[in-house]
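Asker: Below you will find the structure I want to go over with you.
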Amino acid sequence: MTKIKVGIVGTGFIGPAHIEALRRLPNIDVAALCEVTIELAEAKAKQLGIGRWYTFEDLLKQEDIQCVHICTPNFLHYSQSKAALLAGKHVVCEKPLAKDLHEAEELVELAAKTGLVNAVHFNLRYYPLVRQMKTMREKGDLGEIYSIIGSYLQDWLFYNTDYNWRLEPDKSGDSRAIADIGSHLLDVIEYITGLKTVEVMADFNTVHKVRKKPLKPVETYSGKMLQPEDYADVHINTEDHANVLLRFDNGNRGCVTVSQVSAGRKNQLKLEISGSNKTFAFNSESPNEMWIGNRDQANQVLMRDPSLAYPEATALMTFPGGHNEGFSDTSKQLFKEVYAAVEAGKQPENPKYPTFADGYRELLICERILDSTRSQKWVKI
């Protein structure tokens with residue numbers, strides 16, 4: 001087997017998650033990584049067991065690297081994805097695809113022009129029961145969609161001493177909770193239902209208007225606490241919490257809540273989709289169960305089991321029922337589909353995986369949500 005050589009750009013929280021998932025695919029060789037300095041790249045490469053390390057510019061010069069994964073802070077996604085495409089590399093980019101719609105549109109057009117494989121890491125589509133819900137809807141099991149209720153809750157920014165580059169708009173963009181985790185929720189809603197969000201009404205709240213920025217490095221999700229003198233006050237103008245009303249192209253409604261200050265909720269995406277036949281409910285912290293609600297018979301709980309699911313969902317299951325699969329498996333399953341395309345050498349006509357066009361779509365929705373919270377009005381998409 002000839003392995004596809006991959007380069008990883010950025011090694012914060014999500015870069016190593018990409019590496020771990022890629023190493024579980026038999027046809028992939030995570031051959032190199034890059035960081036902001038060659039010294040940091042070397043240290044990270046040795047820590048992660050990767051044999052080659054570069055700065056970004058030098059990584060793109062390596063002819064044997066066929067695909068790069070952009071796992072850097074948001075403000076770098078556009079320039080690095082563009083440079084990688086121009087260097088002839090296939091690209092997997094973290095979300096958001098870019099900081100604004102103009103940049104995202106340019107990337108979509110450039111990717112189409114090159115014909116190279118392009119994907120955005122909307123990995124939460126790849127819980128097997130998320131695809132089961134999508135397939136059940138496509139086969140008519142759900143019926144006409146009446147309403148959608150969703151939430152994505154975390155607590156990693158619960159304290160005013162919690163700090164991360166995502167709090168800084170010049171690095172992350174003008175939206176935080178919605179752009180960071182809300183984008184996953186909004187993407188999953190359209191993916192499962194096949195509906196398009198056509199209008200939004202949003203209300204944001206910044207709970208901690210001043211945060212304590214550490215003067216010493218603290219790793220994301222580490223939970224470490226420093227002394228009072230180790231912090232500097234920083235004024236915050238991105239949202240800790242957001243509520244959004246949604247109108248869909250079938251004429252019906254939905255609502256979502258996104259929070260990064262919900263104590264005890266580590267990483268919980270919840271979704272309830274009510275149709276004319278049934279209701280589907282899913283919780284990402286219990287990803288091997290799907291609740292099915294009925295009016296005139298007993299409700300059901302479907303366990304993730306290849307023998308009980310539709311073939312489209314079974315394709316995302318590696319192990320038998322009762323052998324739980326979770327968050328780390330979603331990236332593996334996404335990359336499995338992406339690298340089938342890389343092996344073929346070009347973007348397929350109708351890829352199953354989320355593309356740069358999907359990245360543009362979510363950025364568009366997030367921009368309109370921002371417009372709505374600023375104007376306190378309904379905004380069309």
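Identifiers in the structure tokens: chain A, B, ... in order shown; residue index from 1 per chain; ligand index from 1 in order shown.
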Quick one: residues within 8 Å of stretch 79-87 of chain A, only C-alpha atoms, excluding same-chain residues fewer than 6 positions away - as a list in words?

Answerer: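 The residues that qualify are Leu60, Lys61, Val68, Ile70, Cys93, Leu107, Leu110, Ala111, Thr114 and Leu116 of chain A.
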
Asker: Take the residues from that selection and write them out as a compact mmCIF listing (two decimals), in the first residue's frame, keeping N, CA, C and O atoms.

Answerer:
```
# COMPACT_ATOMS: atom_id res chain seq x y z
N LEU A 60 5.07 23.61 2.66
CA LEU A 60 4.42 23.63 1.34
C LEU A 60 5.39 23.30 0.21
O LEU A 60 4.96 22.93 -0.88
N LYS A 61 6.68 23.42 0.47
CA LYS A 61 7.69 23.10 -0.56
C LYS A 61 7.97 21.60 -0.65
O LYS A 61 8.66 21.16 -1.57
N VAL A 68 -2.67 18.89 3.42
CA VAL A 68 -2.35 19.57 4.67
C VAL A 68 -3.63 19.82 5.45
O VAL A 68 -4.71 20.04 4.87
N ILE A 70 -5.20 22.35 8.18
CA ILE A 70 -5.03 23.67 8.78
C ILE A 70 -5.71 23.66 10.16
O ILE A 70 -6.93 23.65 10.27
N CYS A 93 -9.50 21.98 6.39
CA CYS A 93 -9.39 23.18 7.21
C CYS A 93 -10.33 23.10 8.41
O CYS A 93 -11.48 22.67 8.28
N LEU A 107 -11.93 31.39 -1.30
CA LEU A 107 -11.42 30.03 -1.12
C LEU A 107 -12.29 29.01 -1.84
O LEU A 107 -11.77 28.06 -2.44
N LEU A 110 -11.39 29.34 -5.52
CA LEU A 110 -10.05 28.83 -5.81
C LEU A 110 -10.03 27.30 -5.74
O LEU A 110 -9.43 26.64 -6.60
N ALA A 111 -10.70 26.74 -4.74
CA ALA A 111 -10.74 25.29 -4.62
C ALA A 111 -11.42 24.66 -5.83
O ALA A 111 -10.96 23.64 -6.36
N THR A 114 -9.03 24.79 -8.87
CA THR A 114 -7.92 23.83 -8.82
C THR A 114 -8.39 22.39 -8.94
O THR A 114 -7.64 21.52 -9.40
N LEU A 116 -8.82 20.53 -6.48
CA LEU A 116 -8.23 19.80 -5.36
C LEU A 116 -9.28 19.47 -4.30
O LEU A 116 -10.30 20.16 -4.18
```

Asker: From a backbone DSSP assignment, name each residue in stretch 207-351 of chain A labelled alpha helix (DSSP H), as a ChimeraX atom specification.

Answerer: /A:311-314,327-344

Asker: Quick one: of A:Phe248, A:Trp378, A:Tyr126, A:Trp165, who's nearest to A:Glu190, counting only C-alpha atoms?

Answerer: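 Checking each of A:Phe248, A:Trp378, A:Tyr126, A:Trp165 against A:Glu190, counting only C-alpha atoms, the winner is A:Phe248.
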
Asker: Give me, as a list in words, all polymer residues having an atom no more than 7 Å from stretch 168-172 of chain A, counting only C-alpha atoms and skipping those fewer than 6 positions away in the same chain.

Answerer: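 Listed by chain and then number, they are Pro73, Asn74 and Phe75 of chain A.
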
Asker: Selected residues, C-alpha atoms, written as a CSV table (one decimal), in the first residue's frame, please.

Answerer:
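Saved the output as out_0.csv:
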```
chain,number,residue,atom,x,y,z
A,73,PRO,CA,-6.2,30.0,15.1
A,74,ASN,CA,-9.1,31.3,12.9
A,75,PHE,CA,-7.3,34.4,11.5
```

Asker: Tell me which of A:Met290, A:Ala119, A:Ile236, A:Leu153 sits closest to A:Lys352, counting only C-alpha atoms.

Answerer: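 Closest residue, counting only C-alpha atoms: A:Ala119.
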
Asker: For each of A:Gln376, A:Asn324, A:Ser284, A:Thr161, take the minimum atom-to-atom distance to A:Leu245, counting only C-alpha atoms, then give the residue where this is smallest.

Answerer: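 The shortest atom-to-atom distance to A:Leu245 comes from A:Gln376.
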
Asker: Please measure the separation of atom CA of A:Leu48 and atom CA of A:Glu337, giving the value in Å to one decimal.

Answerer: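 Atom-to-atom, atom CA of A:Leu48 to atom CA of A:Glu337, that is 24.4 Å.
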
Asker: Restricting the calculation to only C-alpha atoms, which member of A:Arg125, A:Lys346, A:Trp291, A:Glu144 is positioned closest to A:Asp187?

Answerer: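 Under the stated criterion, the closest residue is A:Arg125.
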
Asker: Could you tell me how far atom CA of A:Ala112 lies from atom CA of A:Ala357, in Å and to one decimal?

Answerer: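 For atom CA of A:Ala112 relative to atom CA of A:Ala357, the distance reads 9.6 Å.
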
Asker: Please identify every residue of stretch 151-237 of chain A that has at least one atom no farther than 9 Å from an atom of stretch 128-134 of chain A, counting only C-alpha atoms, and for each give the shortest atom pair and the distance in Å to one decimal, arranged by chain then increasing number, as a tab-separated table.

Answerer:
```
residue	atom	partner	partner_atom	distance
A:Val188	CA	A:Val130	CA	8.0
A:Tyr191	CA	A:Lys134	CA	7.0
A:Ile192	CA	A:Lys134	CA	4.2
A:Thr193	CA	A:Lys134	CA	6.4
A:Gly194	CA	A:Lys134	CA	8.1
```

Asker: For those residues, write C-alpha atoms to a file as a compact mmCIF listing (two decimals), in the first residue's frame.

Answerer:
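again_7.txt written:
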```txt
# COMPACT_ATOMS: atom_id res chain seq x y z
CA VAL A 188 -25.78 19.56 11.91
CA TYR A 191 -27.37 18.38 7.45
CA ILE A 192 -29.96 16.19 9.20
CA THR A 193 -33.10 18.01 8.14
CA GLY A 194 -32.23 19.07 4.59
```

Asker: Would you please give, as a ChimeraX atom specification, all residues of stretch 18-184 of chain A that DSSP assigns to strand (DSSP E) based on the backbone?

Answerer: /A:28-34,52-54,67-70,90-93,118-120,145-153

Asker: From the list A:Ile149, A:Ala309, A:Met136, A:Leu370, which residue is nearest A:Val256 when using only C-alpha atoms?

Answerer: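 That would be A:Ile149, the residue with the smallest distance to A:Val256.
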
Asker: Quick one: residues within 12 Å of A:Gln62, only C-alpha atoms counted, chain neighbours fewer than 6 positions away excluded, as a PyMOL selection string?

Answerer: chain A and resi 5-7+31-34+52-56+68+84+87-89

Asker: What's the separation between atom CA of A:Ala17 and atom CA of A:Asp329, in Å to one decimal place?

Answerer: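 According to the coordinates, atom CA of A:Ala17 and atom CA of A:Asp329 are separated by 10.3 Å.
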
Asker: Could you give me, as CSV, a per-residue list for stretch 229-320 of chain A showing, wherever an atom lies at most 10 Å from an atom of stretch 358-369 of chain A, the closest pair of atoms and their distance in Å to one decimal, using only C-alpha atoms and sorting by chain then residue number from low to high?

Answerer:
```
residue,atom,partner,partner_atom,distance
A:Ala242,CA,A:Ile369,CA,9.8
A:Asn243,CA,A:Ile369,CA,9.9
A:Val244,CA,A:Ile369,CA,7.6
A:Leu245,CA,A:Ile369,CA,9.5
A:Leu246,CA,A:Ile369,CA,9.8
```

Asker: How about saving the chosen residues, N, CA and C atoms kept, as an mmCIF file, in the first residue's frame?

Answerer:
```cif
data_model
loop_
_atom_site.group_PDB
_atom_site.id
_atom_site.type_symbol
_atom_site.label_atom_id
_atom_site.label_comp_id
_atom_site.auth_asym_id
_atom_site.auth_seq_id
_atom_site.Cartn_x
_atom_site.Cartn_y
_atom_site.Cartn_z
ATOM 1 N N ALA A 242 -25.627 32.777 23.801
ATOM 2 C CA ALA A 242 -26.439 33.291 22.686
ATOM 3 C C ALA A 242 -27.720 32.488 22.542
ATOM 4 N N ASN A 243 -28.818 33.195 22.271
ATOM 5 C CA ASN A 243 -30.086 32.572 21.903
ATOM 6 C C ASN A 243 -30.437 33.023 20.487
ATOM 7 N N VAL A 244 -30.853 32.083 19.654
ATOM 8 C CA VAL A 244 -31.177 32.415 18.266
ATOM 9 C C VAL A 244 -32.483 31.734 17.863
ATOM 10 N N LEU A 245 -33.437 32.540 17.379
ATOM 11 C CA LEU A 245 -34.647 32.016 16.751
ATOM 12 C C LEU A 245 -34.370 31.795 15.267
ATOM 13 N N LEU A 246 -34.914 30.712 14.726
ATOM 14 C CA LEU A 246 -34.650 30.334 13.341
ATOM 15 C C LEU A 246 -35.957 30.151 12.581
#
```

Asker: Just the residues within 12 Å of A:Cys255, please, counting only C-alpha atoms, with nothing from its chain fewer than 4 positions along; format it as a list of chain:residue names.

Answerer: A:Ser147, A:Ile148, A:Ile149, A:Gly150, A:Ser151, A:Tyr152, A:Gly182, A:Leu185, A:Leu186, A:Ile189, A:Thr197, A:Glu199, A:Val200, A:Met201, A:Ala202, A:Asp203, A:Ala242, A:Asn243, A:Val244, A:Leu245, A:Leu246, A:Arg247, A:Phe248, A:Lys270, A:Leu271, A:Glu272, A:Ile273

Asker: Skipping near chain neighbours, those fewer than 6 positions away, what residues fall within 7 Å of A:Cys71 using only C-alpha atoms, listed as a list of chain:residue names?

Answerer: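 Counting only the stated atoms, we get A:Val9, A:Gly10, A:Thr11, A:Ile14, A:Gly15, A:Cys93, A:Glu94.
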